[in-house]
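Asks: Below is a structure I'd like to ask you about.
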Amino acid sequence: MKVFIVHAHPERRSLNGALTDIAVDTLTGAGHEVQVSDLYAMRWKPIIDADDFGAAASNPLDPIHDSGRAYETGTLTADIRAEQDKLWWADTVIFQFPLWWYTMPAILKGWVDRVFTYGFGYGVGEHNETRYGDRFGEGVLQGKRAMLSVTVGGPESHYSDRGINGPIDDLLYPIQHGILYHPGMQVLPPFVLYRTVRMPPETFADATELWQERLLTLEDTDPIPYRSQNGGDYEIPAARLRAGLEAPGRTGFGLHVHA
């Protein structure tokens, strides 16, 4: 297995840093290949600008179509092309980050903004009366697997079905479904650690064991059964779930997951 880890925490000696180190040691020890992009150590540029696209940049700037032309002509900057190459290389991608303000750190969002260019992360396939592009289950990253490994400062009850912050699955849905499943990756259930601000040594030891177990079973873990856009469950081109497919008790984001 070829595993690409995208690490996003400014302190390498943090819990997130430890989880990345454990992942590298566990996976390589089991015979897998691993590459890591430590975004803060790389001083990753999180903003899109004309410099990203070289000669393909227009004036005024059109980030969508400029990125597509740059991707097609090979004029994207070296840092973007390197990350896309890592995604092509990998069959499994792990995103390691803390949950900040209910989402990923800005540097990681900036990585997505710049790396998932038009023609790579989105904007592929035919758009007609039966298909609305190759997305949500199809796309250039189809066949690859992805998983979020997330640390959360608050207790698990705050992120439960009746928790004040909302269910963790709902908070992660825009990332898991909207970013990872959109270009075709199969998304594994996330690995989430709660109350991580002051984690005692015994809790860390238990978390390490659970994390190692998840890592060693990545190939056998069933992905979240999201509905594919072009598989017949949605009206096209409206991209609305067909009537009668609702599962009892499922609402909101849960409608887009097979029962």
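Letters A, B, ... mark the chains of the structure tokens in the order given; residue numbers begin at 1 per chain; ligand numbers begin at 1, in order shown.
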DSSP says alpha helix (DSSP H) for which residues of range 75-154 of chain A? Put them as a PyMOL selection string?
Replies: chain A and resi 78-89+106-115
Asks: Quick one: residues within 10 Å of range 200-215 of chain A, only C-alpha atoms, excluding same-chain residues fewer than 4 positions away - as a compact mmCIF listing (two decimals) with all heavy atoms, in the first residue's frame?
Replies:
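Saved the output as out.txt:
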# COMPACT_ATOMS: atom_id res chain seq x y z
N LEU A 15 0.31 16.62 19.61
CA LEU A 15 -0.36 15.33 19.48
C LEU A 15 -0.50 14.96 18.01
O LEU A 15 -0.31 13.80 17.63
CB LEU A 15 -1.73 15.38 20.16
CG LEU A 15 -2.62 14.16 19.98
CD1 LEU A 15 -1.96 12.90 20.55
CD2 LEU A 15 -3.98 14.40 20.65
N ALA A 18 2.68 13.61 16.85
CA ALA A 18 2.88 12.25 17.35
C ALA A 18 2.07 11.24 16.54
O ALA A 18 2.56 10.16 16.21
CB ALA A 18 2.50 12.18 18.83
N LEU A 19 0.84 11.60 16.20
CA LEU A 19 0.00 10.69 15.42
C LEU A 19 0.57 10.46 14.03
O LEU A 19 0.51 9.35 13.50
CB LEU A 19 -1.43 11.24 15.34
CG LEU A 19 -2.21 11.28 16.65
CD1 LEU A 19 -3.52 12.03 16.47
CD2 LEU A 19 -2.47 9.86 17.17
N ILE A 22 3.55 8.13 14.50
CA ILE A 22 3.07 6.77 14.74
C ILE A 22 2.61 6.14 13.44
O ILE A 22 2.88 4.96 13.17
CB ILE A 22 1.93 6.78 15.79
CG1 ILE A 22 2.47 7.17 17.17
CG2 ILE A 22 1.24 5.42 15.85
CD1 ILE A 22 1.39 7.48 18.17
N ALA A 23 1.92 6.92 12.63
CA ALA A 23 1.44 6.41 11.35
C ALA A 23 2.60 5.98 10.45
O ALA A 23 2.58 4.91 9.84
CB ALA A 23 0.58 7.46 10.65
N VAL A 24 3.63 6.84 10.36
CA VAL A 24 4.78 6.52 9.52
C VAL A 24 5.46 5.24 10.02
O VAL A 24 5.75 4.32 9.23
CB VAL A 24 5.77 7.69 9.50
CG1 VAL A 24 7.06 7.28 8.79
CG2 VAL A 24 5.17 8.90 8.82
N ASP A 25 5.71 5.16 11.33
CA ASP A 25 6.40 4.00 11.90
C ASP A 25 5.57 2.72 11.74
O ASP A 25 6.11 1.66 11.39
CB ASP A 25 6.71 4.24 13.38
CG ASP A 25 7.74 5.32 13.61
OD1 ASP A 25 8.45 5.68 12.64
OD2 ASP A 25 7.83 5.83 14.75
N THR A 26 4.27 2.83 12.00
CA THR A 26 3.41 1.65 11.93
C THR A 26 3.28 1.14 10.50
O THR A 26 3.39 -0.07 10.24
CB THR A 26 2.01 1.98 12.49
OG1 THR A 26 2.14 2.42 13.85
CG2 THR A 26 1.10 0.78 12.44
N LEU A 27 3.05 2.04 9.57
CA LEU A 27 2.84 1.64 8.19
C LEU A 27 4.12 1.13 7.53
O LEU A 27 4.11 0.11 6.84
CB LEU A 27 2.26 2.81 7.40
CG LEU A 27 0.83 3.21 7.78
CD1 LEU A 27 0.47 4.56 7.18
CD2 LEU A 27 -0.17 2.14 7.33
N ALA A 30 5.01 -2.23 8.69
CA ALA A 30 4.18 -3.28 8.11
C ALA A 30 4.47 -3.49 6.62
O ALA A 30 3.77 -4.25 5.95
CB ALA A 30 2.70 -2.94 8.31
N ILE A 94 -4.16 10.06 3.97
CA ILE A 94 -4.58 10.37 5.34
C ILE A 94 -4.36 11.86 5.57
O ILE A 94 -3.28 12.40 5.28
CB ILE A 94 -3.77 9.56 6.38
CG1 ILE A 94 -4.03 8.06 6.21
CG2 ILE A 94 -4.13 10.01 7.80
CD1 ILE A 94 -3.16 7.18 7.09
N SER A 149 -7.89 11.96 10.06
CA SER A 149 -7.49 11.71 11.44
C SER A 149 -7.52 13.06 12.14
O SER A 149 -6.70 13.94 11.84
CB SER A 149 -6.10 11.09 11.51
OG SER A 149 -5.67 10.96 12.86
N PRO A 190 -13.81 8.35 9.80
CA PRO A 190 -12.70 9.11 10.38
C PRO A 190 -12.20 8.50 11.69
O PRO A 190 -12.92 7.80 12.38
CB PRO A 190 -13.32 10.48 10.62
CG PRO A 190 -14.76 10.19 10.88
CD PRO A 190 -15.11 9.05 9.95
N PHE A 191 -10.95 8.81 11.99
CA PHE A 191 -10.38 8.50 13.31
C PHE A 191 -10.39 9.80 14.09
O PHE A 191 -9.72 10.76 13.72
CB PHE A 191 -8.96 7.97 13.17
CG PHE A 191 -8.31 7.63 14.49
CD1 PHE A 191 -8.64 6.46 15.16
CD2 PHE A 191 -7.37 8.48 15.06
CE1 PHE A 191 -8.05 6.15 16.37
CE2 PHE A 191 -6.78 8.17 16.27
CZ PHE A 191 -7.11 7.00 16.93
N VAL A 192 -11.18 9.86 15.15
CA VAL A 192 -11.36 11.11 15.89
C VAL A 192 -10.98 10.90 17.36
O VAL A 192 -11.46 9.96 18.01
CB VAL A 192 -12.82 11.60 15.81
CG1 VAL A 192 -12.97 12.94 16.53
CG2 VAL A 192 -13.28 11.72 14.36
N LEU A 193 -10.12 11.76 17.86
CA LEU A 193 -9.76 11.77 19.28
C LEU A 193 -10.35 13.03 19.92
O LEU A 193 -10.15 14.13 19.40
CB LEU A 193 -8.25 11.76 19.46
CG LEU A 193 -7.51 10.49 19.04
CD1 LEU A 193 -6.00 10.66 19.27
CD2 LEU A 193 -8.03 9.28 19.80
N THR A 196 -8.55 16.49 23.65
CA THR A 196 -7.12 16.31 23.42
C THR A 196 -6.26 17.46 23.97
O THR A 196 -5.03 17.41 23.85
CB THR A 196 -6.84 16.19 21.91
OG1 THR A 196 -7.33 17.37 21.24
CG2 THR A 196 -7.52 14.96 21.34
N GLU A 219 -6.76 -1.36 4.72
CA GLU A 219 -7.12 -2.05 3.48
C GLU A 219 -8.42 -2.85 3.63
O GLU A 219 -9.06 -3.19 2.63
CB GLU A 219 -5.98 -2.96 3.05
CG GLU A 219 -4.72 -2.20 2.64
CD GLU A 219 -3.56 -3.13 2.34
OE1 GLU A 219 -3.09 -3.80 3.28
OE2 GLU A 219 -3.14 -3.19 1.17
N ASP A 220 -8.79 -3.17 4.86
CA ASP A 220 -9.97 -4.01 5.10
C ASP A 220 -11.17 -3.20 5.60
O ASP A 220 -12.24 -3.78 5.80
CB ASP A 220 -9.64 -5.09 6.14
CG ASP A 220 -8.47 -5.96 5.71
OD1 ASP A 220 -8.40 -6.30 4.52
OD2 ASP A 220 -7.62 -6.27 6.57
N THR A 221 -11.00 -1.90 5.80
CA THR A 221 -12.07 -1.07 6.34
C THR A 221 -13.04 -0.68 5.23
O THR A 221 -12.63 -0.20 4.17
CB THR A 221 -11.50 0.20 6.99
OG1 THR A 221 -10.61 -0.18 8.05
CG2 THR A 221 -12.61 1.06 7.56
Asks: In Å, rounded to a single decimal, give me how far CA of Thr117 in chain A is from CA of Gly139 in chain A.
Replies: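 Computing it gives 12.5 Å between the two atoms.
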Asks: Might you pull out every residue within 8 Å of His7 in chain A, with only C-alpha atoms counted and same-chain residues fewer than 2 positions away left off, and present them as a list in words?
Replies: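 With the cut-off at 8 Å, the set is Ile5, His9, Asn16, Gly17, Thr20, Val36, Ser37, Asp38, Leu39, Phe95, Gln96 and Phe97 of chain A.
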Asks: Output C-alpha atoms for every residue in the selection just made, as an mmCIF file, in the first residue's frame.
Replies:
data_model
loop_
_atom_site.group_PDB
_atom_site.id
_atom_site.type_symbol
_atom_site.label_atom_id
_atom_site.label_comp_id
_atom_site.auth_asym_id
_atom_site.auth_seq_id
_atom_site.Cartn_x
_atom_site.Cartn_y
_atom_site.Cartn_z
ATOM 1 C CA ILE A 5 -0.107 11.731 4.737
ATOM 2 C CA HIS A 9 -0.307 21.425 12.618
ATOM 3 C CA ASN A 16 -0.960 15.645 15.738
ATOM 4 C CA GLY A 17 2.780 15.363 15.174
ATOM 5 C CA THR A 20 1.776 11.338 12.131
ATOM 6 C CA VAL A 36 4.394 12.956 4.197
ATOM 7 C CA SER A 37 3.641 16.570 3.351
ATOM 8 C CA ASP A 38 4.104 18.615 6.530
ATOM 9 C CA LEU A 39 2.428 21.811 5.356
ATOM 10 C CA PHE A 95 -5.280 13.937 6.433
ATOM 11 C CA GLN A 96 -3.958 14.657 9.935
ATOM 12 C CA PHE A 97 -5.184 17.890 11.540
#
Asks: I need the residue nearest Gln84 in chain A from this list: A:Ala238, A:Leu148, A:Leu218, A:Val112. Use only C-alpha atoms for the distance.
Replies: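 Looking only at the distances to Gln84 in chain A, the closest residue turns out to be A:Val112.
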Asks: Which value, in Å to one decimal, gives the distance between CA of Ala41 in chain A and CA of Glu11 in chain A?
Replies: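 If I compute the distance from CA of Ala41 in chain A to CA of Glu11 in chain A, I get 9.1 Å.
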Asks: Which neighbours of Pro46 in chain A fall inside 10 Å, counting only C-alpha atoms, when residues of the same chain fewer than 2 positions from it are skipped, and could you give them as a list in words?
Replies: Leu39, Arg43, Trp44, Ile48, Asp49, Ala106, Ile107, Leu108, Lys109, Gly110, Trp111, Val112, Asp113 and Arg114 of chain A
Asks: Next, the residues of the selection above should be written as a compact mmCIF listing (two decimals), in the first residue's frame with all heavy atoms.
Replies:
# COMPACT_ATOMS: atom_id res chain seq x y z
N LEU A 39 2.71 20.54 6.02
CA LEU A 39 2.43 21.81 5.36
C LEU A 39 3.09 23.00 6.03
O LEU A 39 3.57 23.91 5.36
CB LEU A 39 0.92 22.02 5.25
CG LEU A 39 0.15 20.96 4.47
CD1 LEU A 39 -1.31 21.36 4.33
CD2 LEU A 39 0.77 20.73 3.10
N ARG A 43 6.20 25.42 4.70
CA ARG A 43 5.77 26.80 4.51
C ARG A 43 4.87 26.91 3.28
O ARG A 43 5.06 27.76 2.40
CB ARG A 43 6.97 27.76 4.40
CG ARG A 43 7.80 27.83 5.68
CD ARG A 43 8.84 28.91 5.65
NE ARG A 43 9.52 29.02 6.92
CZ ARG A 43 9.08 29.71 7.98
NH1 ARG A 43 7.92 30.35 7.90
NH2 ARG A 43 9.78 29.75 9.09
N TRP A 44 3.90 26.02 3.27
CA TRP A 44 2.96 25.96 2.15
C TRP A 44 2.23 27.29 1.95
O TRP A 44 1.72 27.87 2.91
CB TRP A 44 1.96 24.84 2.38
CG TRP A 44 0.94 24.74 1.29
CD1 TRP A 44 -0.32 25.26 1.29
CD2 TRP A 44 1.12 24.11 0.02
NE1 TRP A 44 -0.95 24.98 0.10
CE2 TRP A 44 -0.09 24.28 -0.70
CE3 TRP A 44 2.17 23.42 -0.58
CZ2 TRP A 44 -0.27 23.78 -1.98
CZ3 TRP A 44 1.99 22.92 -1.86
CH2 TRP A 44 0.78 23.10 -2.54
N ILE A 48 -4.43 31.24 -3.49
CA ILE A 48 -4.33 31.19 -4.94
C ILE A 48 -4.03 32.58 -5.48
O ILE A 48 -4.63 33.57 -5.05
CB ILE A 48 -5.66 30.69 -5.55
CG1 ILE A 48 -5.90 29.22 -5.20
CG2 ILE A 48 -5.68 30.88 -7.06
CD1 ILE A 48 -7.24 28.70 -5.67
N ASP A 49 -3.08 32.67 -6.40
CA ASP A 49 -2.84 33.92 -7.11
C ASP A 49 -2.32 33.61 -8.51
O ASP A 49 -2.15 32.44 -8.88
CB ASP A 49 -1.88 34.85 -6.35
CG ASP A 49 -0.55 34.20 -6.03
OD1 ASP A 49 -0.12 33.31 -6.79
OD2 ASP A 49 0.07 34.58 -5.01
N ALA A 106 -6.61 26.63 8.17
CA ALA A 106 -6.61 27.39 6.92
C ALA A 106 -5.54 26.91 5.95
O ALA A 106 -5.75 26.89 4.73
CB ALA A 106 -6.42 28.88 7.22
N ILE A 107 -4.40 26.50 6.47
CA ILE A 107 -3.31 26.07 5.58
C ILE A 107 -3.70 24.81 4.81
O ILE A 107 -3.33 24.64 3.64
CB ILE A 107 -2.00 25.86 6.38
CG1 ILE A 107 -0.81 25.83 5.44
CG2 ILE A 107 -2.06 24.59 7.24
CD1 ILE A 107 0.54 25.87 6.16
N LEU A 108 -4.48 23.94 5.45
CA LEU A 108 -4.93 22.72 4.77
C LEU A 108 -6.01 23.04 3.74
O LEU A 108 -6.02 22.48 2.64
CB LEU A 108 -5.44 21.70 5.79
CG LEU A 108 -5.93 20.36 5.23
CD1 LEU A 108 -4.89 19.71 4.33
CD2 LEU A 108 -6.30 19.42 6.38
N LYS A 109 -6.91 23.97 4.09
CA LYS A 109 -7.90 24.40 3.10
C LYS A 109 -7.20 25.03 1.89
O LYS A 109 -7.59 24.83 0.73
CB LYS A 109 -8.88 25.39 3.72
CG LYS A 109 -9.95 25.92 2.75
CD LYS A 109 -10.74 24.81 2.07
CE LYS A 109 -12.02 25.32 1.40
NZ LYS A 109 -11.77 26.32 0.36
N GLY A 110 -6.14 25.78 2.16
CA GLY A 110 -5.37 26.38 1.08
C GLY A 110 -4.67 25.34 0.22
O GLY A 110 -4.50 25.53 -0.99
N TRP A 111 -4.27 24.24 0.84
CA TRP A 111 -3.69 23.13 0.08
C TRP A 111 -4.73 22.57 -0.88
O TRP A 111 -4.45 22.35 -2.06
CB TRP A 111 -3.19 22.06 1.06
CG TRP A 111 -2.55 20.86 0.43
CD1 TRP A 111 -1.22 20.69 0.14
CD2 TRP A 111 -3.19 19.64 0.02
NE1 TRP A 111 -1.00 19.46 -0.43
CE2 TRP A 111 -2.20 18.78 -0.51
CE3 TRP A 111 -4.51 19.19 0.05
CZ2 TRP A 111 -2.48 17.51 -0.99
CZ3 TRP A 111 -4.80 17.92 -0.43
CH2 TRP A 111 -3.80 17.09 -0.95
N VAL A 112 -5.95 22.36 -0.39
CA VAL A 112 -7.03 21.87 -1.24
C VAL A 112 -7.30 22.87 -2.36
O VAL A 112 -7.42 22.50 -3.54
CB VAL A 112 -8.31 21.62 -0.43
CG1 VAL A 112 -9.48 21.27 -1.34
CG2 VAL A 112 -8.09 20.51 0.60
N ASP A 113 -7.43 24.15 -2.02
CA ASP A 113 -7.74 25.17 -3.01
C ASP A 113 -6.74 25.17 -4.17
O ASP A 113 -7.12 25.33 -5.34
CB ASP A 113 -7.74 26.56 -2.37
CG ASP A 113 -8.93 26.79 -1.45
OD1 ASP A 113 -9.88 25.98 -1.49
OD2 ASP A 113 -8.90 27.77 -0.68
N ARG A 114 -5.48 24.99 -3.85
CA ARG A 114 -4.45 25.10 -4.89
C ARG A 114 -4.17 23.77 -5.60
O ARG A 114 -3.88 23.76 -6.79
CB ARG A 114 -3.15 25.64 -4.28
CG ARG A 114 -3.27 27.05 -3.72
CD ARG A 114 -1.94 27.55 -3.17
NE ARG A 114 -0.94 27.69 -4.23
CZ ARG A 114 0.33 27.30 -4.09
NH1 ARG A 114 0.75 26.73 -2.97
NH2 ARG A 114 1.18 27.46 -5.10
Asks: Using DSSP secondary structure from the backbone, list all strand (DSSP E) positions within range 22-259 of chain A, as a list of chain:residue names.
Replies: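 DSSP on the backbone gives strand (DSSP E) at A:Glu33, A:Val34, A:Gln35, A:Val36, A:Ser37, A:Asp38, A:Thr92, A:Val93, A:Ile94, A:Phe95, A:Gln96, A:Phe97, A:Pro98, A:Arg145, A:Ala146, A:Met147, A:Leu148, A:Ser149, A:Val150, A:Thr151, A:Gln186, A:Val187, A:Phe191, A:Val192, A:Leu193, A:Tyr234, A:Glu235, A:Arg240, A:Leu241.
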Asks: Store the residues of this selection in a file with N, CA and C atoms, as a PDB file, in the first residue's frame.
Replies:
ATOM      1  N   GLU A  33       4.633   1.756   1.846  1.00  0.00           N
ATOM      2  CA  GLU A  33       5.393   2.949   1.486  1.00  0.00           C
ATOM      3  C   GLU A  33       4.631   4.182   1.961  1.00  0.00           C
ATOM      4  N   VAL A  34       5.360   5.179   2.457  1.00  0.00           N
ATOM      5  CA  VAL A  34       4.722   6.368   3.018  1.00  0.00           C
ATOM      6  C   VAL A  34       5.443   7.628   2.546  1.00  0.00           C
ATOM      7  N   GLN A  35       4.642   8.629   2.156  1.00  0.00           N
ATOM      8  CA  GLN A  35       5.148   9.978   1.927  1.00  0.00           C
ATOM      9  C   GLN A  35       4.360  10.934   2.817  1.00  0.00           C
ATOM     10  N   VAL A  36       5.036  11.971   3.320  1.00  0.00           N
ATOM     11  CA  VAL A  36       4.394  12.956   4.197  1.00  0.00           C
ATOM     12  C   VAL A  36       4.613  14.351   3.648  1.00  0.00           C
ATOM     13  N   SER A  37       3.532  15.131   3.604  1.00  0.00           N
ATOM     14  CA  SER A  37       3.641  16.570   3.351  1.00  0.00           C
ATOM     15  C   SER A  37       3.289  17.286   4.641  1.00  0.00           C
ATOM     16  N   ASP A  38       4.288  17.847   5.305  1.00  0.00           N
ATOM     17  CA  ASP A  38       4.104  18.615   6.530  1.00  0.00           C
ATOM     18  C   ASP A  38       3.945  20.078   6.100  1.00  0.00           C
ATOM     19  N   THR A  92      -3.815   5.402  -0.869  1.00  0.00           N
ATOM     20  CA  THR A  92      -4.514   5.807   0.347  1.00  0.00           C
ATOM     21  C   THR A  92      -3.952   7.148   0.821  1.00  0.00           C
ATOM     22  N   VAL A  93      -4.842   8.065   1.193  1.00  0.00           N
ATOM     23  CA  VAL A  93      -4.427   9.393   1.656  1.00  0.00           C
ATOM     24  C   VAL A  93      -5.002   9.631   3.047  1.00  0.00           C
ATOM     25  N   ILE A  94      -4.160  10.064   3.968  1.00  0.00           N
ATOM     26  CA  ILE A  94      -4.576  10.371   5.336  1.00  0.00           C
ATOM     27  C   ILE A  94      -4.361  11.864   5.572  1.00  0.00           C
ATOM     28  N   PHE A  95      -5.379  12.521   6.086  1.00  0.00           N
ATOM     29  CA  PHE A  95      -5.280  13.937   6.433  1.00  0.00           C
ATOM     30  C   PHE A  95      -5.253  14.042   7.960  1.00  0.00           C
ATOM     31  N   GLN A  96      -4.147  14.555   8.491  1.00  0.00           N
ATOM     32  CA  GLN A  96      -3.958  14.657   9.935  1.00  0.00           C
ATOM     33  C   GLN A  96      -4.025  16.127  10.344  1.00  0.00           C
ATOM     34  N   PHE A  97      -5.038  16.484  11.166  1.00  0.00           N
ATOM     35  CA  PHE A  97      -5.184  17.890  11.540  1.00  0.00           C
ATOM     36  C   PHE A  97      -6.067  18.032  12.772  1.00  0.00           C
ATOM     37  N   PRO A  98      -5.958  19.178  13.456  1.00  0.00           N
ATOM     38  CA  PRO A  98      -6.865  19.492  14.557  1.00  0.00           C
ATOM     39  C   PRO A  98      -8.130  20.167  14.019  1.00  0.00           C
ATOM     40  N   ARG A 145      -8.353   5.700  -1.709  1.00  0.00           N
ATOM     41  CA  ARG A 145      -9.049   5.760  -0.429  1.00  0.00           C
ATOM     42  C   ARG A 145      -8.502   6.924   0.383  1.00  0.00           C
ATOM     43  N   ALA A 146      -9.350   7.526   1.199  1.00  0.00           N
ATOM     44  CA  ALA A 146      -8.937   8.665   2.014  1.00  0.00           C
ATOM     45  C   ALA A 146      -9.538   8.540   3.405  1.00  0.00           C
ATOM     46  N   MET A 147      -8.840   9.087   4.386  1.00  0.00           N
ATOM     47  CA  MET A 147      -9.336   9.067   5.751  1.00  0.00           C
ATOM     48  C   MET A 147      -8.872  10.312   6.499  1.00  0.00           C
ATOM     49  N   LEU A 148      -9.748  10.864   7.305  1.00  0.00           N
ATOM     50  CA  LEU A 148      -9.398  11.973   8.182  1.00  0.00           C
ATOM     51  C   LEU A 148      -8.985  11.425   9.530  1.00  0.00           C
ATOM     52  N   SER A 149      -7.889  11.958  10.061  1.00  0.00           N
ATOM     53  CA  SER A 149      -7.489  11.708  11.443  1.00  0.00           C
ATOM     54  C   SER A 149      -7.518  13.062  12.141  1.00  0.00           C
ATOM     55  N   VAL A 150      -8.469  13.228  13.057  1.00  0.00           N
ATOM     56  CA  VAL A 150      -8.788  14.558  13.585  1.00  0.00           C
ATOM     57  C   VAL A 150      -8.696  14.568  15.108  1.00  0.00           C
ATOM     58  N   THR A 151      -8.066  15.606  15.635  1.00  0.00           N
ATOM     59  CA  THR A 151      -8.058  15.809  17.083  1.00  0.00           C
ATOM     60  C   THR A 151      -9.046  16.925  17.427  1.00  0.00           C
ATOM     61  N   GLN A 186     -12.819   6.933  -2.278  1.00  0.00           N
ATOM     62  CA  GLN A 186     -13.618   6.263  -1.271  1.00  0.00           C
ATOM     63  C   GLN A 186     -13.171   6.787   0.087  1.00  0.00           C
ATOM     64  N   VAL A 187     -14.128   7.178   0.915  1.00  0.00           N
ATOM     65  CA  VAL A 187     -13.804   7.824   2.190  1.00  0.00           C
ATOM     66  C   VAL A 187     -14.044   6.846   3.331  1.00  0.00           C
ATOM     67  N   PHE A 191     -10.947   8.807  11.994  1.00  0.00           N
ATOM     68  CA  PHE A 191     -10.382   8.496  13.309  1.00  0.00           C
ATOM     69  C   PHE A 191     -10.391   9.800  14.092  1.00  0.00           C
ATOM     70  N   VAL A 192     -11.178   9.863  15.149  1.00  0.00           N
ATOM     71  CA  VAL A 192     -11.364  11.106  15.893  1.00  0.00           C
ATOM     72  C   VAL A 192     -10.977  10.900  17.356  1.00  0.00           C
ATOM     73  N   LEU A 193     -10.118  11.761  17.864  1.00  0.00           N
ATOM     74  CA  LEU A 193      -9.764  11.771  19.276  1.00  0.00           C
ATOM     75  C   LEU A 193     -10.346  13.028  19.916  1.00  0.00           C
ATOM     76  N   TYR A 234     -29.986   9.926  -8.035  1.00  0.00           N
ATOM     77  CA  TYR A 234     -30.245  11.357  -8.152  1.00  0.00           C
ATOM     78  C   TYR A 234     -30.888  11.707  -9.488  1.00  0.00           C
ATOM     79  N   GLU A 235     -31.761  12.692  -9.447  1.00  0.00           N
ATOM     80  CA  GLU A 235     -32.294  13.255 -10.675  1.00  0.00           C
ATOM     81  C   GLU A 235     -31.211  14.116 -11.322  1.00  0.00           C
ATOM     82  N   ARG A 240     -30.733  16.128  -7.436  1.00  0.00           N
ATOM     83  CA  ARG A 240     -31.560  15.963  -6.243  1.00  0.00           C
ATOM     84  C   ARG A 240     -31.866  14.487  -6.043  1.00  0.00           C
ATOM     85  N   LEU A 241     -31.828  14.055  -4.768  1.00  0.00           N
ATOM     86  CA  LEU A 241     -32.120  12.662  -4.455  1.00  0.00           C
ATOM     87  C   LEU A 241     -33.545  12.324  -4.892  1.00  0.00           C
TER      88      LEU A 241
END
Asks: Neighbours of Thr103 in chain A within 8 Å (only C-alpha atoms; same-chain residues fewer than 2 positions away dropped), as a VMD selection string?
Replies: chain A and resid 99 to 101 105 171 to 172
Asks: Emit the selected residues as a PDB file, in the first residue's frame, including N, CA and C atoms.
Replies:
ATOM      1  N   LEU A  99      -9.248  19.938  14.671  1.00  0.00           N
ATOM      2  CA  LEU A  99     -10.479  20.619  14.293  1.00  0.00           C
ATOM      3  C   LEU A  99     -10.441  22.022  14.887  1.00  0.00           C
ATOM      4  N   TRP A 100     -10.343  23.025  14.024  1.00  0.00           N
ATOM      5  CA  TRP A 100     -10.300  24.423  14.467  1.00  0.00           C
ATOM      6  C   TRP A 100     -11.519  25.141  13.907  1.00  0.00           C
ATOM      7  N   TRP A 101     -12.279  25.742  14.790  1.00  0.00           N
ATOM      8  CA  TRP A 101     -13.473  26.465  14.381  1.00  0.00           C
ATOM      9  C   TRP A 101     -14.329  25.619  13.432  1.00  0.00           C
ATOM     10  N   PRO A 105      -7.655  23.438   9.515  1.00  0.00           N
ATOM     11  CA  PRO A 105      -6.854  24.656   9.558  1.00  0.00           C
ATOM     12  C   PRO A 105      -6.776  25.323   8.177  1.00  0.00           C
ATOM     13  N   LEU A 171     -20.227  17.767  10.857  1.00  0.00           N
ATOM     14  CA  LEU A 171     -19.155  18.758  10.746  1.00  0.00           C
ATOM     15  C   LEU A 171     -18.110  18.340   9.719  1.00  0.00           C
ATOM     16  N   LEU A 172     -17.862  17.045   9.635  1.00  0.00           N
ATOM     17  CA  LEU A 172     -16.840  16.556   8.708  1.00  0.00           C
ATOM     18  C   LEU A 172     -17.390  16.288   7.310  1.00  0.00           C
TER      19      LEU A 172
END
Asks: Excluding same-chain residues fewer than 5 positions from Gln142 in chain A, what lies within 7 Å of it counting only C-alpha atoms, as a PyMOL selection string?
Replies: chain A and resi 137+183-185
Asks: Take the selection from the previous step and output its residues with all heavy atoms, as a short mmCIF file (atom, residue, chain, number, x, y, z; two decimals), in the first residue's frame.
Replies:
data_model
loop_
_atom_site.label_atom_id
_atom_site.label_comp_id
_atom_site.auth_asym_id
_atom_site.auth_seq_id
_atom_site.Cartn_x
_atom_site.Cartn_y
_atom_site.Cartn_z
N GLY A 137 -18.16 10.13 -6.43
CA GLY A 137 -18.05 8.72 -6.72
C GLY A 137 -17.28 8.42 -7.98
O GLY A 137 -16.87 7.28 -8.22
N PRO A 183 -14.01 14.16 -5.98
CA PRO A 183 -13.16 13.72 -7.09
C PRO A 183 -13.01 12.20 -7.17
O PRO A 183 -12.16 11.71 -7.91
CB PRO A 183 -11.82 14.38 -6.79
CG PRO A 183 -11.77 14.46 -5.31
CD PRO A 183 -13.19 14.66 -4.85
N GLY A 184 -13.84 11.45 -6.42
CA GLY A 184 -13.90 10.02 -6.62
C GLY A 184 -13.29 9.13 -5.56
O GLY A 184 -13.38 7.90 -5.66
N MET A 185 -12.65 9.70 -4.55
CA MET A 185 -12.03 8.85 -3.54
C MET A 185 -13.08 8.17 -2.66
O MET A 185 -14.11 8.76 -2.33
CB MET A 185 -11.08 9.67 -2.65
CG MET A 185 -9.80 10.05 -3.37
SD MET A 185 -8.53 10.70 -2.26
CE MET A 185 -9.07 12.40 -2.10
#
Asks: Ranking A:His177, A:Lys2, A:Arg81, A:Arg198 by minimum distance to Gly154 in chain A and counting only C-alpha atoms, which one comes first?
Replies: A:Arg198
Asks: Check the smallest atom-to-atom distance from each of A:Tyr71, A:Tyr173, A:Tyr226, A:Tyr132 to Ala56 in chain A using only C-alpha atoms, then report the winner.
Replies: A:Tyr71
Asks: Have a look at CA of Pro237 in chain A and CA of Glu129 in chain A and let me know their distance in Å, one decimal.
Replies: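 Between these atoms lies a distance of 5.8 Å.
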